[in-house]
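Notes to accompany the following structure.
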There are 2 protein chains.
Amino acid sequence: MADEMLYYEDFEEGREFISAERTVSAEEIIAFASEFDPQPMHLDEAAGKASILGGLSGSGWHMSSLAMRLFFDTVISKSAGEGGPGIDFMEWRKPLIAGDTIRLNVKVKSRRPLASRPGIGLVTMEHLLTNQKGEKVMRMQAPAMLRMRQAQTVEACR
Amino acid sequence: MADEMLYYEDFEEGREFISAERTVSAEEIIAFASEFDPQPMHLDEAAGKASILGGLSGSGWHMSSLAMRLFFDTVISKSAGEGGPGIDFMEWRKPLIAGDTIRLNVKVKSRRPLASRPGIGLVTMEHLLTNQKGEKVMRMQAPAMLRMRQAQTVEACR
């Protein structure tokens with residue numbers, strides 16, 4: 001288990017992680033929207049069909065939160081992560097329609113040690129959410145903080 | 001009611017909107033994290049205290065989703081909104097600790113008509129989430145699409 005843990009050093013530029021698939025139901029879309037983004041096209045099939053989105057469609061924030069869960073399951077749960085300071089940019093490119101099956105692809109864009117926090121590095125990744133038609137639903141770029149394996153060793157030897 | 005509707009023309013540069021306050025419970029933080037971001041500091045008081053966040057703290061995506069709800073209640077529910085294409089940037093600056101009371105401040109930064117969609121304009125706003133100590137918890141900048149009042153009139157006269 002400890003051997004499989006991913007540290008800063010393991011996030012080489014260009015490395016990719018691909019999540020499992022996940023199908024999103026109308027019930028999930030409506031539950032999220034009721035709490036956080038109760039616009040008609042996120043709550044009601046007829047309103048969604050009448051909008052430019054073309055159907056009952058998830059809030060952009062629901063897409064982003066689902067992408068976080070796929071990122072957690074695929075990368076963060078196996079990593080020496082220290083959280084993230086924010087998002088460089090995020091694009092909601094296509095609607096997430098009830099019944100769609102999504103998948104997350106994460107690619108390492110760049111990385112650098114954090115001068116302010118020795119033993120921690122910042123890894124910038126591109127997150128791409130696609131649907132069952134291969135359409136790009138959401139794209140974002142965000143940095144994450146990861147502990148260095150080397151730092152762990154130094155600490156263990158103290 | 002129709003008189004109070006906000007159109008593109010009403011989003012003058014510098015105009016501010018301030019939300020009501022909202023207190024965020026430990027139960028809400030744990031429920032969101034269980035579904036979308038099950039990292040220990042978002043699920044458990046002891047793990048939160050042991051982390052750099054200093055207590056049971058909400059996921060960044062929970063902060064963003066709560067900010068969306070405050071934005072909906074304060075602006076979008078009264079506006080001729082046509083959705084948003086994404087986020088220019090987002091910064092999670094301070095933890096959202098269980099029991100914190102937050103408030104959203106939204107300020108219009110710039111606006112322009114959309115050449116690709118006549119009668120619609122893009123309004124870029126800064127969103128600032130603060131806590132009961134006046135600390136900036138989250139800051140983001142995002143564009144929103146708004147219908148023009150003028151376009152409504154032209155359509156009504158056809």
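Letters A, B, ... go to the chains of the structure tokens in the order shown; residues in each chain start at 1; ligands are counted from 1 in the same order.
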Superimposed copy of chain B on chain A by least squares over C-alpha atoms, as a CSV table (one decimal) with N, CA and C atoms, in the first residue's frame:
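The new file part_14.csv reads:
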chain,number,residue,atom,x,y,z
B,1,MET,N,0.9,-1.2,0.1
B,1,MET,CA,0.0,0.0,0.1
B,1,MET,C,0.9,1.3,0.0
B,2,ALA,N,1.9,1.3,1.0
B,2,ALA,CA,2.8,2.5,1.0
B,2,ALA,C,3.5,2.6,-0.3
B,3,ASP,N,3.9,1.5,-0.8
B,3,ASP,CA,4.6,1.5,-2.1
B,3,ASP,C,3.9,2.1,-3.2
B,4,GLU,N,2.5,2.0,-3.2
B,4,GLU,CA,1.7,2.5,-4.3
B,4,GLU,C,1.4,4.0,-4.1
B,5,MET,N,1.7,4.6,-3.0
B,5,MET,CA,1.4,6.0,-2.7
B,5,MET,C,2.2,6.9,-3.8
B,6,LEU,N,1.5,7.8,-4.3
B,6,LEU,CA,2.1,8.8,-5.3
B,6,LEU,C,2.5,10.0,-4.6
B,7,TYR,N,3.8,10.4,-4.8
B,7,TYR,CA,4.4,11.6,-4.3
B,7,TYR,C,4.7,12.6,-5.4
B,8,TYR,N,5.1,13.8,-5.0
B,8,TYR,CA,5.4,14.8,-6.0
B,8,TYR,C,6.3,14.3,-7.1
B,9,GLU,N,7.3,13.5,-6.8
B,9,GLU,CA,8.2,13.0,-7.8
B,9,GLU,C,7.5,12.1,-8.9
B,10,ASP,N,6.4,11.5,-8.5
B,10,ASP,CA,5.7,10.6,-9.5
B,10,ASP,C,4.9,11.4,-10.5
B,11,PHE,N,4.7,12.7,-10.3
B,11,PHE,CA,3.8,13.5,-11.2
B,11,PHE,C,4.7,14.1,-12.3
B,12,GLU,N,5.3,13.2,-13.2
B,12,GLU,CA,6.1,13.7,-14.3
B,12,GLU,C,5.3,14.4,-15.3
B,13,GLU,N,5.8,15.5,-15.9
B,13,GLU,CA,5.1,16.2,-17.0
B,13,GLU,C,4.7,15.3,-18.1
B,14,GLY,N,3.4,15.3,-18.4
B,14,GLY,CA,2.8,14.5,-19.5
B,14,GLY,C,2.1,13.2,-18.9
B,15,ARG,N,2.4,12.9,-17.7
B,15,ARG,CA,1.7,11.7,-17.1
B,15,ARG,C,0.2,11.8,-17.1
B,16,GLU,N,-0.5,10.8,-17.5
B,16,GLU,CA,-2.0,10.8,-17.5
B,16,GLU,C,-2.6,9.9,-16.6
B,17,PHE,N,-3.8,10.3,-16.1
B,17,PHE,CA,-4.6,9.4,-15.2
B,17,PHE,C,-6.0,9.4,-15.8
B,18,ILE,N,-6.6,8.2,-15.9
B,18,ILE,CA,-7.9,8.1,-16.5
B,18,ILE,C,-8.9,7.5,-15.5
B,19,SER,N,-10.0,8.1,-15.2
B,19,SER,CA,-10.9,7.6,-14.2
B,19,SER,C,-11.8,6.5,-14.8
B,20,ALA,N,-12.6,5.9,-13.9
B,20,ALA,CA,-13.6,5.0,-14.3
B,20,ALA,C,-14.8,5.8,-14.9
B,21,GLU,N,-15.7,5.2,-15.5
B,21,GLU,CA,-16.9,5.9,-16.0
B,21,GLU,C,-18.0,6.1,-14.9
B,22,ARG,N,-18.8,7.1,-15.1
B,22,ARG,CA,-19.9,7.3,-14.1
B,22,ARG,C,-21.1,7.8,-14.8
B,23,THR,N,-22.2,7.2,-14.6
B,23,THR,CA,-23.5,7.7,-15.3
B,23,THR,C,-24.2,8.6,-14.3
B,24,VAL,N,-24.7,9.7,-14.8
B,24,VAL,CA,-25.3,10.7,-13.9
B,24,VAL,C,-26.8,10.7,-14.1
B,25,SER,N,-27.6,10.5,-13.0
B,25,SER,CA,-29.0,10.4,-13.1
B,25,SER,C,-29.7,11.7,-13.0
B,26,ALA,N,-31.0,11.8,-13.5
B,26,ALA,CA,-31.8,13.0,-13.3
B,26,ALA,C,-32.0,13.3,-11.9
B,27,GLU,N,-32.1,12.3,-11.0
B,27,GLU,CA,-32.3,12.5,-9.6
B,27,GLU,C,-31.1,13.2,-9.0
B,28,GLU,N,-29.9,12.8,-9.3
B,28,GLU,CA,-28.7,13.4,-8.8
B,28,GLU,C,-28.6,14.9,-9.3
B,29,ILE,N,-28.9,15.1,-10.5
B,29,ILE,CA,-28.9,16.5,-11.1
B,29,ILE,C,-29.9,17.4,-10.4
B,30,ILE,N,-31.1,16.9,-10.1
B,30,ILE,CA,-32.1,17.7,-9.5
B,30,ILE,C,-31.7,17.9,-8.0
B,31,ALA,N,-31.2,16.9,-7.3
B,31,ALA,CA,-30.8,17.1,-5.9
B,31,ALA,C,-29.7,18.1,-5.7
B,32,PHE,N,-28.7,18.1,-6.6
B,32,PHE,CA,-27.6,19.1,-6.5
B,32,PHE,C,-28.2,20.5,-6.8
B,33,ALA,N,-28.9,20.6,-7.9
B,33,ALA,CA,-29.4,21.9,-8.3
B,33,ALA,C,-30.4,22.5,-7.2
B,34,SER,N,-31.2,21.6,-6.6
B,34,SER,CA,-32.1,22.1,-5.5
B,34,SER,C,-31.3,22.8,-4.4
B,35,GLU,N,-30.2,22.2,-4.1
B,35,GLU,CA,-29.4,22.8,-3.0
B,35,GLU,C,-28.5,24.0,-3.4
B,36,PHE,N,-27.9,23.9,-4.6
B,36,PHE,CA,-26.9,24.9,-4.9
B,36,PHE,C,-27.1,25.8,-6.1
B,37,ASP,N,-28.0,25.4,-7.0
B,37,ASP,CA,-28.1,26.1,-8.3
B,37,ASP,C,-29.5,25.9,-8.9
B,38,PRO,N,-30.5,26.4,-8.2
B,38,PRO,CA,-31.9,26.1,-8.6
B,38,PRO,C,-32.4,26.8,-9.8
B,39,GLN,N,-31.7,26.8,-10.9
B,39,GLN,CA,-32.2,27.4,-12.2
B,39,GLN,C,-33.1,26.4,-12.9
B,40,PRO,N,-34.1,26.8,-13.6
B,40,PRO,CA,-35.1,25.9,-14.1
B,40,PRO,C,-34.5,24.7,-15.0
B,41,MET,N,-33.5,25.1,-15.8
B,41,MET,CA,-32.9,24.0,-16.7
B,41,MET,C,-32.2,22.9,-16.0
B,42,HIS,N,-31.9,23.2,-14.6
B,42,HIS,CA,-31.2,22.2,-13.8
B,42,HIS,C,-32.2,21.4,-13.0
B,43,LEU,N,-33.5,21.8,-13.0
B,43,LEU,CA,-34.5,21.2,-12.1
B,43,LEU,C,-35.6,20.5,-12.8
B,44,ASP,N,-35.8,20.8,-14.1
B,44,ASP,CA,-37.0,20.4,-14.8
B,44,ASP,C,-36.8,20.0,-16.2
B,45,GLU,N,-37.3,18.8,-16.6
B,45,GLU,CA,-37.0,18.3,-18.0
B,45,GLU,C,-37.5,19.3,-19.1
B,46,ALA,N,-38.8,19.8,-18.9
B,46,ALA,CA,-39.3,20.6,-19.9
B,46,ALA,C,-38.6,22.0,-20.0
B,47,ALA,N,-38.2,22.5,-18.9
B,47,ALA,CA,-37.4,23.8,-18.9
B,47,ALA,C,-36.1,23.6,-19.5
B,48,GLY,N,-35.5,22.4,-19.3
B,48,GLY,CA,-34.2,22.1,-19.9
B,48,GLY,C,-34.3,21.9,-21.4
B,49,LYS,N,-35.4,21.3,-21.9
B,49,LYS,CA,-35.6,21.1,-23.3
B,49,LYS,C,-35.8,22.5,-24.0
B,50,ALA,N,-36.4,23.4,-23.3
B,50,ALA,CA,-36.7,24.7,-23.9
B,50,ALA,C,-35.5,25.6,-23.9
B,51,SER,N,-34.5,25.3,-23.1
B,51,SER,CA,-33.3,26.1,-23.0
B,51,SER,C,-32.3,25.7,-24.1
B,52,ILE,N,-31.2,26.5,-24.2
B,52,ILE,CA,-30.2,26.2,-25.2
B,52,ILE,C,-29.4,24.9,-24.8
B,53,LEU,N,-29.6,24.4,-23.6
B,53,LEU,CA,-28.9,23.2,-23.2
B,53,LEU,C,-29.5,21.9,-23.8
B,54,GLY,N,-30.8,22.0,-24.1
B,54,GLY,CA,-31.4,20.9,-24.8
B,54,GLY,C,-32.0,19.7,-24.0
B,55,GLY,N,-32.0,19.8,-22.7
B,55,GLY,CA,-32.5,18.7,-21.9
B,55,GLY,C,-32.2,19.1,-20.4
B,56,LEU,N,-32.7,18.2,-19.5
B,56,LEU,CA,-32.5,18.4,-18.1
B,56,LEU,C,-30.9,18.3,-17.9
B,57,SER,N,-30.3,19.3,-17.5
B,57,SER,CA,-28.8,19.4,-17.5
B,57,SER,C,-28.3,19.8,-16.2
B,58,GLY,N,-27.2,19.2,-15.8
B,58,GLY,CA,-26.5,19.5,-14.5
B,58,GLY,C,-25.9,20.9,-14.4
B,59,SER,N,-26.0,21.5,-13.3
B,59,SER,CA,-25.2,22.7,-13.0
B,59,SER,C,-23.8,22.6,-13.3
B,60,GLY,N,-23.1,23.6,-13.8
B,60,GLY,CA,-21.7,23.6,-14.0
B,60,GLY,C,-20.9,23.2,-12.7
B,61,TRP,N,-21.5,23.6,-11.6
B,61,TRP,CA,-20.8,23.3,-10.3
B,61,TRP,C,-21.0,21.9,-10.0
B,62,HIS,N,-22.1,21.2,-10.5
B,62,HIS,CA,-22.3,19.8,-10.3
B,62,HIS,C,-21.2,19.0,-11.1
B,63,MET,N,-21.0,19.5,-12.4
B,63,MET,CA,-20.0,18.9,-13.2
B,63,MET,C,-18.6,18.9,-12.5
B,64,SER,N,-18.3,20.1,-12.0
B,64,SER,CA,-17.0,20.3,-11.3
B,64,SER,C,-16.9,19.5,-10.1
B,65,SER,N,-18.0,19.3,-9.3
B,65,SER,CA,-17.9,18.5,-8.1
B,65,SER,C,-17.8,17.0,-8.5
B,66,LEU,N,-18.5,16.6,-9.5
B,66,LEU,CA,-18.4,15.2,-10.0
B,66,LEU,C,-16.9,14.9,-10.5
B,67,ALA,N,-16.4,15.9,-11.2
B,67,ALA,CA,-15.0,15.8,-11.6
B,67,ALA,C,-14.0,15.6,-10.4
B,68,MET,N,-14.3,16.4,-9.3
B,68,MET,CA,-13.5,16.3,-8.1
B,68,MET,C,-13.6,14.9,-7.6
B,69,ARG,N,-14.8,14.3,-7.6
B,69,ARG,CA,-14.9,12.9,-7.0
B,69,ARG,C,-14.2,11.9,-7.8
B,70,LEU,N,-14.2,12.1,-9.2
B,70,LEU,CA,-13.5,11.2,-10.0
B,70,LEU,C,-12.0,11.4,-9.8
B,71,PHE,N,-11.5,12.6,-9.6
B,71,PHE,CA,-10.1,12.9,-9.4
B,71,PHE,C,-9.7,12.3,-8.0
B,72,PHE,N,-10.6,12.4,-7.0
B,72,PHE,CA,-10.3,11.8,-5.7
B,72,PHE,C,-10.1,10.3,-5.9
B,73,ASP,N,-11.1,9.6,-6.5
B,73,ASP,CA,-11.0,8.2,-6.7
B,73,ASP,C,-9.8,7.7,-7.5
B,74,THR,N,-9.4,8.5,-8.5
B,74,THR,CA,-8.3,8.1,-9.4
B,74,THR,C,-6.9,8.5,-9.0
B,75,VAL,N,-6.8,9.6,-8.3
B,75,VAL,CA,-5.5,10.2,-8.0
B,75,VAL,C,-5.3,10.5,-6.5
B,76,ILE,N,-6.2,11.4,-6.0
B,76,ILE,CA,-5.9,12.0,-4.7
B,76,ILE,C,-6.0,10.9,-3.6
B,77,SER,N,-6.9,9.9,-3.7
B,77,SER,CA,-7.0,8.9,-2.7
B,77,SER,C,-5.7,8.0,-2.6
B,78,LYS,N,-4.8,8.1,-3.6
B,78,LYS,CA,-3.6,7.3,-3.6
B,78,LYS,C,-2.4,8.2,-3.5
B,79,SER,N,-2.6,9.5,-3.2
B,79,SER,CA,-1.5,10.4,-3.3
B,79,SER,C,-1.2,11.1,-1.9
B,80,ALA,N,0.0,11.6,-1.8
B,80,ALA,CA,0.4,12.4,-0.6
B,80,ALA,C,0.0,13.8,-0.8
B,81,GLY,N,-1.3,14.0,-1.0
B,81,GLY,CA,-1.9,15.4,-1.3
B,81,GLY,C,-2.0,16.3,-0.1
B,82,GLU,N,-1.8,17.5,-0.4
B,82,GLU,CA,-1.9,18.6,0.7
B,82,GLU,C,-2.9,19.6,0.3
B,83,GLY,N,-3.9,19.3,-0.6
B,83,GLY,CA,-4.9,20.2,-1.0
B,83,GLY,C,-4.5,21.1,-2.2
B,84,GLY,N,-5.4,22.0,-2.5
B,84,GLY,CA,-5.1,22.8,-3.7
B,84,GLY,C,-5.5,24.2,-3.4
B,85,PRO,N,-4.8,25.2,-3.9
B,85,PRO,CA,-5.1,26.6,-3.6
B,85,PRO,C,-6.1,27.3,-4.5
B,86,GLY,N,-6.6,26.6,-5.6
B,86,GLY,CA,-7.6,27.1,-6.4
B,86,GLY,C,-7.6,26.6,-7.8
B,87,ILE,N,-8.1,27.3,-8.8
B,87,ILE,CA,-8.3,26.9,-10.1
B,87,ILE,C,-7.8,28.0,-11.1
B,88,ASP,N,-6.9,27.6,-12.0
B,88,ASP,CA,-6.4,28.5,-13.0
B,88,ASP,C,-7.5,29.0,-13.9
B,89,PHE,N,-8.3,28.1,-14.5
B,89,PHE,CA,-9.4,28.4,-15.3
B,89,PHE,C,-10.3,27.2,-15.4
B,90,MET,N,-11.6,27.4,-15.8
B,90,MET,CA,-12.5,26.3,-15.9
B,90,MET,C,-13.5,26.6,-17.0
B,91,GLU,N,-13.7,25.7,-17.9
B,91,GLU,CA,-14.6,25.9,-19.1
B,91,GLU,C,-15.7,24.8,-19.0
B,92,TRP,N,-17.0,25.3,-19.0
B,92,TRP,CA,-18.1,24.4,-19.2
B,92,TRP,C,-18.5,24.4,-20.6
B,93,ARG,N,-18.1,23.4,-21.4
B,93,ARG,CA,-18.2,23.5,-22.9
B,93,ARG,C,-19.4,22.9,-23.4
B,94,LYS,N,-19.9,21.8,-22.8
B,94,LYS,CA,-21.2,21.1,-23.3
B,94,LYS,C,-22.0,20.9,-22.1
B,95,PRO,N,-23.4,20.8,-22.3
B,95,PRO,CA,-24.2,20.4,-21.1
B,95,PRO,C,-24.0,19.0,-20.7
B,96,LEU,N,-24.2,18.7,-19.4
B,96,LEU,CA,-24.2,17.4,-18.8
B,96,LEU,C,-25.7,17.0,-18.7
B,97,ILE,N,-26.1,16.1,-19.6
B,97,ILE,CA,-27.6,15.8,-19.7
B,97,ILE,C,-27.8,14.5,-18.9
B,98,ALA,N,-29.0,14.5,-18.2
B,98,ALA,CA,-29.4,13.4,-17.4
B,98,ALA,C,-29.2,12.1,-18.2
B,99,GLY,N,-28.5,11.1,-17.6
B,99,GLY,CA,-28.3,9.8,-18.3
B,99,GLY,C,-26.9,9.7,-18.9
B,100,ASP,N,-26.2,10.9,-19.1
B,100,ASP,CA,-24.9,10.9,-19.7
B,100,ASP,C,-23.9,10.1,-18.8
B,101,THR,N,-22.9,9.5,-19.5
B,101,THR,CA,-21.9,8.8,-18.8
B,101,THR,C,-20.6,9.5,-19.0
B,102,ILE,N,-20.0,9.9,-17.9
B,102,ILE,CA,-18.8,10.8,-18.0
B,102,ILE,C,-17.5,10.0,-17.5
B,103,ARG,N,-16.4,10.6,-17.9
B,103,ARG,CA,-15.1,10.0,-17.5
B,103,ARG,C,-14.1,11.2,-17.4
B,104,LEU,N,-13.2,11.1,-16.5
B,104,LEU,CA,-12.2,12.2,-16.3
B,104,LEU,C,-10.8,11.8,-16.7
B,105,ASN,N,-10.2,12.7,-17.5
B,105,ASN,CA,-8.8,12.5,-17.9
B,105,ASN,C,-8.0,13.6,-17.3
B,106,VAL,N,-6.9,13.2,-16.6
B,106,VAL,CA,-6.1,14.2,-15.9
B,106,VAL,C,-4.7,14.1,-16.4
B,107,LYS,N,-4.1,15.2,-16.8
B,107,LYS,CA,-2.7,15.2,-17.4
B,107,LYS,C,-1.8,16.2,-16.7
B,108,VAL,N,-0.6,15.8,-16.3
B,108,VAL,CA,0.3,16.7,-15.7
B,108,VAL,C,0.9,17.7,-16.7
B,109,LYS,N,0.7,19.0,-16.4
B,109,LYS,CA,1.2,20.1,-17.3
B,109,LYS,C,2.6,20.6,-16.9
B,110,SER,N,2.8,20.8,-15.6
B,110,SER,CA,4.1,21.3,-15.1
B,110,SER,C,4.1,21.1,-13.6
B,111,ARG,N,5.3,21.3,-13.0
B,111,ARG,CA,5.5,21.2,-11.6
B,111,ARG,C,6.7,21.9,-11.1
B,112,ARG,N,6.6,22.3,-9.9
B,112,ARG,CA,7.8,23.0,-9.3
B,112,ARG,C,7.7,22.9,-7.7
B,113,PRO,N,8.9,22.9,-7.1
B,113,PRO,CA,9.0,22.8,-5.6
B,113,PRO,C,8.4,24.2,-5.1
B,114,LEU,N,7.8,24.1,-3.9
B,114,LEU,CA,7.2,25.4,-3.3
B,114,LEU,C,8.3,25.9,-2.4
B,115,ALA,N,8.8,27.1,-2.7
B,115,ALA,CA,9.9,27.7,-1.9
B,115,ALA,C,9.4,28.0,-0.4
B,116,SER,N,8.1,28.3,-0.3
B,116,SER,CA,7.5,28.7,1.0
B,116,SER,C,7.2,27.5,1.9
B,117,ARG,N,7.2,26.3,1.3
B,117,ARG,CA,6.9,25.1,2.1
B,117,ARG,C,7.8,23.9,1.7
B,118,PRO,N,9.0,23.9,2.3
B,118,PRO,CA,10.0,22.8,2.0
B,118,PRO,C,9.4,21.4,2.1
B,119,GLY,N,9.7,20.6,1.1
B,119,GLY,CA,9.2,19.2,1.1
B,119,GLY,C,7.9,19.1,0.4
B,120,ILE,N,7.3,20.2,-0.1
B,120,ILE,CA,6.1,20.2,-0.8
B,120,ILE,C,6.3,20.8,-2.2
B,121,GLY,N,5.6,20.2,-3.2
B,121,GLY,CA,5.7,20.8,-4.6
B,121,GLY,C,4.3,21.0,-5.1
B,122,LEU,N,4.3,21.9,-6.1
B,122,LEU,CA,3.0,22.3,-6.8
B,122,LEU,C,3.0,21.6,-8.1
B,123,VAL,N,1.9,20.8,-8.4
B,123,VAL,CA,1.8,20.1,-9.6
B,123,VAL,C,0.5,20.7,-10.3
B,124,THR,N,0.7,21.2,-11.5
B,124,THR,CA,-0.4,21.8,-12.3
B,124,THR,C,-0.9,20.8,-13.3
B,125,MET,N,-2.2,20.5,-13.2
B,125,MET,CA,-2.8,19.4,-14.0
B,125,MET,C,-4.0,20.0,-14.8
B,126,GLU,N,-4.1,19.4,-16.0
B,126,GLU,CA,-5.3,19.7,-16.9
B,126,GLU,C,-6.4,18.6,-16.6
B,127,HIS,N,-7.6,19.0,-16.3
B,127,HIS,CA,-8.7,18.0,-16.1
B,127,HIS,C,-9.7,18.1,-17.3
B,128,LEU,N,-9.9,17.0,-17.9
B,128,LEU,CA,-10.8,17.0,-19.0
B,128,LEU,C,-11.9,16.0,-18.7
B,129,LEU,N,-13.2,16.5,-18.8
B,129,LEU,CA,-14.3,15.6,-18.5
B,129,LEU,C,-15.0,15.4,-19.9
B,130,THR,N,-15.2,14.1,-20.3
B,130,THR,CA,-15.8,13.8,-21.5
B,130,THR,C,-17.1,13.0,-21.3
B,131,ASN,N,-18.0,13.0,-22.3
B,131,ASN,CA,-19.2,12.2,-22.2
B,131,ASN,C,-19.1,10.9,-23.1
B,132,GLN,N,-20.2,10.2,-23.1
B,132,GLN,CA,-20.2,8.9,-23.9
B,132,GLN,C,-20.0,9.1,-25.4
B,133,LYS,N,-20.2,10.3,-25.9
B,133,LYS,CA,-20.0,10.6,-27.3
B,133,LYS,C,-18.6,11.1,-27.6
B,134,GLY,N,-17.8,11.2,-26.5
B,134,GLY,CA,-16.4,11.7,-26.7
B,134,GLY,C,-16.3,13.2,-26.7
B,135,GLU,N,-17.5,13.9,-26.4
B,135,GLU,CA,-17.5,15.3,-26.4
B,135,GLU,C,-16.8,15.8,-25.1
B,136,LYS,N,-16.1,16.9,-25.2
B,136,LYS,CA,-15.4,17.6,-24.1
B,136,LYS,C,-16.5,18.4,-23.3
B,137,VAL,N,-16.9,17.9,-22.2
B,137,VAL,CA,-18.0,18.5,-21.4
B,137,VAL,C,-17.4,19.7,-20.5
B,138,MET,N,-16.3,19.4,-19.9
B,138,MET,CA,-15.6,20.4,-19.0
B,138,MET,C,-14.1,20.3,-19.2
B,139,ARG,N,-13.5,21.4,-19.1
B,139,ARG,CA,-12.0,21.4,-19.1
B,139,ARG,C,-11.5,22.4,-18.1
B,140,MET,N,-10.6,22.0,-17.2
B,140,MET,CA,-10.0,23.0,-16.3
B,140,MET,C,-8.6,22.7,-16.1
B,141,GLN,N,-7.9,23.7,-15.5
B,141,GLN,CA,-6.5,23.6,-15.1
B,141,GLN,C,-6.4,24.0,-13.7
B,142,ALA,N,-5.7,23.2,-12.9
B,142,ALA,CA,-5.6,23.5,-11.5
B,142,ALA,C,-4.3,23.0,-10.9
B,143,PRO,N,-3.7,23.7,-9.9
B,143,PRO,CA,-2.5,23.2,-9.2
B,143,PRO,C,-2.9,22.4,-8.0
B,144,ALA,N,-2.1,21.4,-7.7
B,144,ALA,CA,-2.3,20.7,-6.4
B,144,ALA,C,-1.0,20.6,-5.7
B,145,MET,N,-1.1,20.6,-4.3
B,145,MET,CA,0.1,20.5,-3.5
B,145,MET,C,0.4,19.0,-3.2
B,146,LEU,N,1.6,18.5,-3.4
B,146,LEU,CA,2.0,17.2,-3.1
B,146,LEU,C,3.2,17.1,-2.3
B,147,ARG,N,3.3,16.2,-1.3
B,147,ARG,CA,4.5,16.0,-0.5
B,147,ARG,C,5.5,15.3,-1.3
B,148,MET,N,6.8,15.6,-1.1
B,148,MET,CA,7.9,14.9,-1.8
B,148,MET,C,8.3,13.6,-1.1
B,149,ARG,N,8.6,12.6,-1.8
B,149,ARG,CA,9.0,11.3,-1.2
B,149,ARG,C,10.3,11.5,-0.5
B,150,GLN,N,11.2,12.3,-1.1
B,150,GLN,CA,12.5,12.6,-0.5
B,150,GLN,C,12.3,13.2,0.9
B,151,ALA,N,11.4,14.1,1.1
B,151,ALA,CA,11.1,14.7,2.4
B,151,ALA,C,10.7,13.7,3.4
B,152,GLN,N,9.8,12.8,2.9
B,152,GLN,CA,9.4,11.7,3.8
B,152,GLN,C,10.6,10.9,4.4
B,153,THR,N,11.5,10.6,3.5
B,153,THR,CA,12.7,9.8,3.9
B,153,THR,C,13.5,10.5,4.9
B,154,VAL,N,13.7,11.8,4.6
B,154,VAL,CA,14.6,12.6,5.5
B,154,VAL,C,13.9,12.6,6.9
B,155,GLU,N,12.6,12.8,6.9
B,155,GLU,CA,11.9,12.8,8.2
B,155,GLU,C,12.0,11.5,8.9
B,156,ALA,N,11.9,10.4,8.2
B,156,ALA,CA,11.9,9.1,8.8
B,156,ALA,C,13.3,8.8,9.4
B,157,CYS,N,14.4,9.4,8.8
B,157,CYS,CA,15.7,9.2,9.3
B,157,CYS,C,16.1,10.0,10.5
B,158,ARG,N,15.3,11.0,10.8
B,158,ARG,CA,15.6,11.9,11.9
B,158,ARG,C,15.6,11.2,13.3
As a JSON list (two decimals) with C-alpha atoms, in the first residue's frame, please: every residue in range 2-144 of chain A that DSSP puts in strand (DSSP E).
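Below you can see part_23.json, which holds the result:
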[["chain", "number", "residue", "atom", "x", "y", "z"],
["A", 16, "GLU", "CA", -1.94, 10.84, -17.52],
["A", 17, "PHE", "CA", -4.58, 9.39, -15.20],
["A", 18, "ILE", "CA", -7.93, 8.10, -16.51],
["A", 22, "ARG", "CA", -19.86, 7.30, -14.11],
["A", 23, "THR", "CA", -23.47, 7.68, -15.25],
["A", 86, "GLY", "CA", -7.60, 27.16, -6.42],
["A", 87, "ILE", "CA", -8.33, 26.89, -10.14],
["A", 89, "PHE", "CA", -9.42, 28.41, -15.33],
["A", 90, "MET", "CA", -12.48, 26.26, -15.92],
["A", 91, "GLU", "CA", -14.60, 25.92, -19.07],
["A", 92, "TRP", "CA", -18.09, 24.39, -19.18],
["A", 101, "THR", "CA", -21.86, 8.75, -18.78],
["A", 102, "ILE", "CA", -18.75, 10.77, -17.96],
["A", 103, "ARG", "CA", -15.06, 10.01, -17.54],
["A", 104, "LEU", "CA", -12.20, 12.20, -16.29],
["A", 105, "ASN", "CA", -8.78, 12.44, -17.91],
["A", 106, "VAL", "CA", -6.07, 14.23, -15.89],
["A", 107, "LYS", "CA", -2.72, 15.22, -17.39],
["A", 108, "VAL", "CA", 0.31, 16.74, -15.66],
["A", 109, "LYS", "CA", 1.20, 20.07, -17.33],
["A", 110, "SER", "CA", 4.06, 21.32, -15.13],
["A", 111, "ARG", "CA", 5.47, 21.17, -11.60],
["A", 112, "ARG", "CA", 7.78, 23.06, -9.27],
["A", 113, "PRO", "CA", 8.95, 22.85, -5.65],
["A", 120, "ILE", "CA", 6.05, 20.22, -0.82],
["A", 121, "GLY", "CA", 5.70, 20.76, -4.57],
["A", 122, "LEU", "CA", 3.01, 22.31, -6.76],
["A", 123, "VAL", "CA", 1.78, 20.12, -9.64],
["A", 124, "THR", "CA", -0.40, 21.80, -12.28],
["A", 125, "MET", "CA", -2.80, 19.42, -14.03],
["A", 126, "GLU", "CA", -5.32, 19.69, -16.85],
["A", 127, "HIS", "CA", -8.67, 18.03, -16.09],
["A", 128, "LEU", "CA", -10.83, 17.00, -19.03],
["A", 129, "LEU", "CA", -14.34, 15.58, -18.53],
["A", 130, "THR", "CA", -15.79, 13.78, -21.56],
["A", 136, "LYS", "CA", -15.45, 17.57, -24.06],
["A", 137, "VAL", "CA", -17.96, 18.54, -21.38],
["A", 138, "MET", "CA", -15.63, 20.40, -19.01],
["A", 139, "ARG", "CA", -11.99, 21.46, -19.11],
["A", 140, "MET", "CA", -10.04, 23.02, -16.28],
["A", 141, "GLN", "CA", -6.50, 23.59, -15.13],
["A", 142, "ALA", "CA", -5.61, 23.54, -11.46],
["A", 143, "PRO", "CA", -2.54, 23.23, -9.23],
["A", 144, "ALA", "CA", -2.33, 20.67, -6.41]]
Can you list, as a ChimeraX atom specification, all residues belonging to chain A that DSSP tags as alpha helix (DSSP H)?
/A:26-36,45-50,60-74,149-157
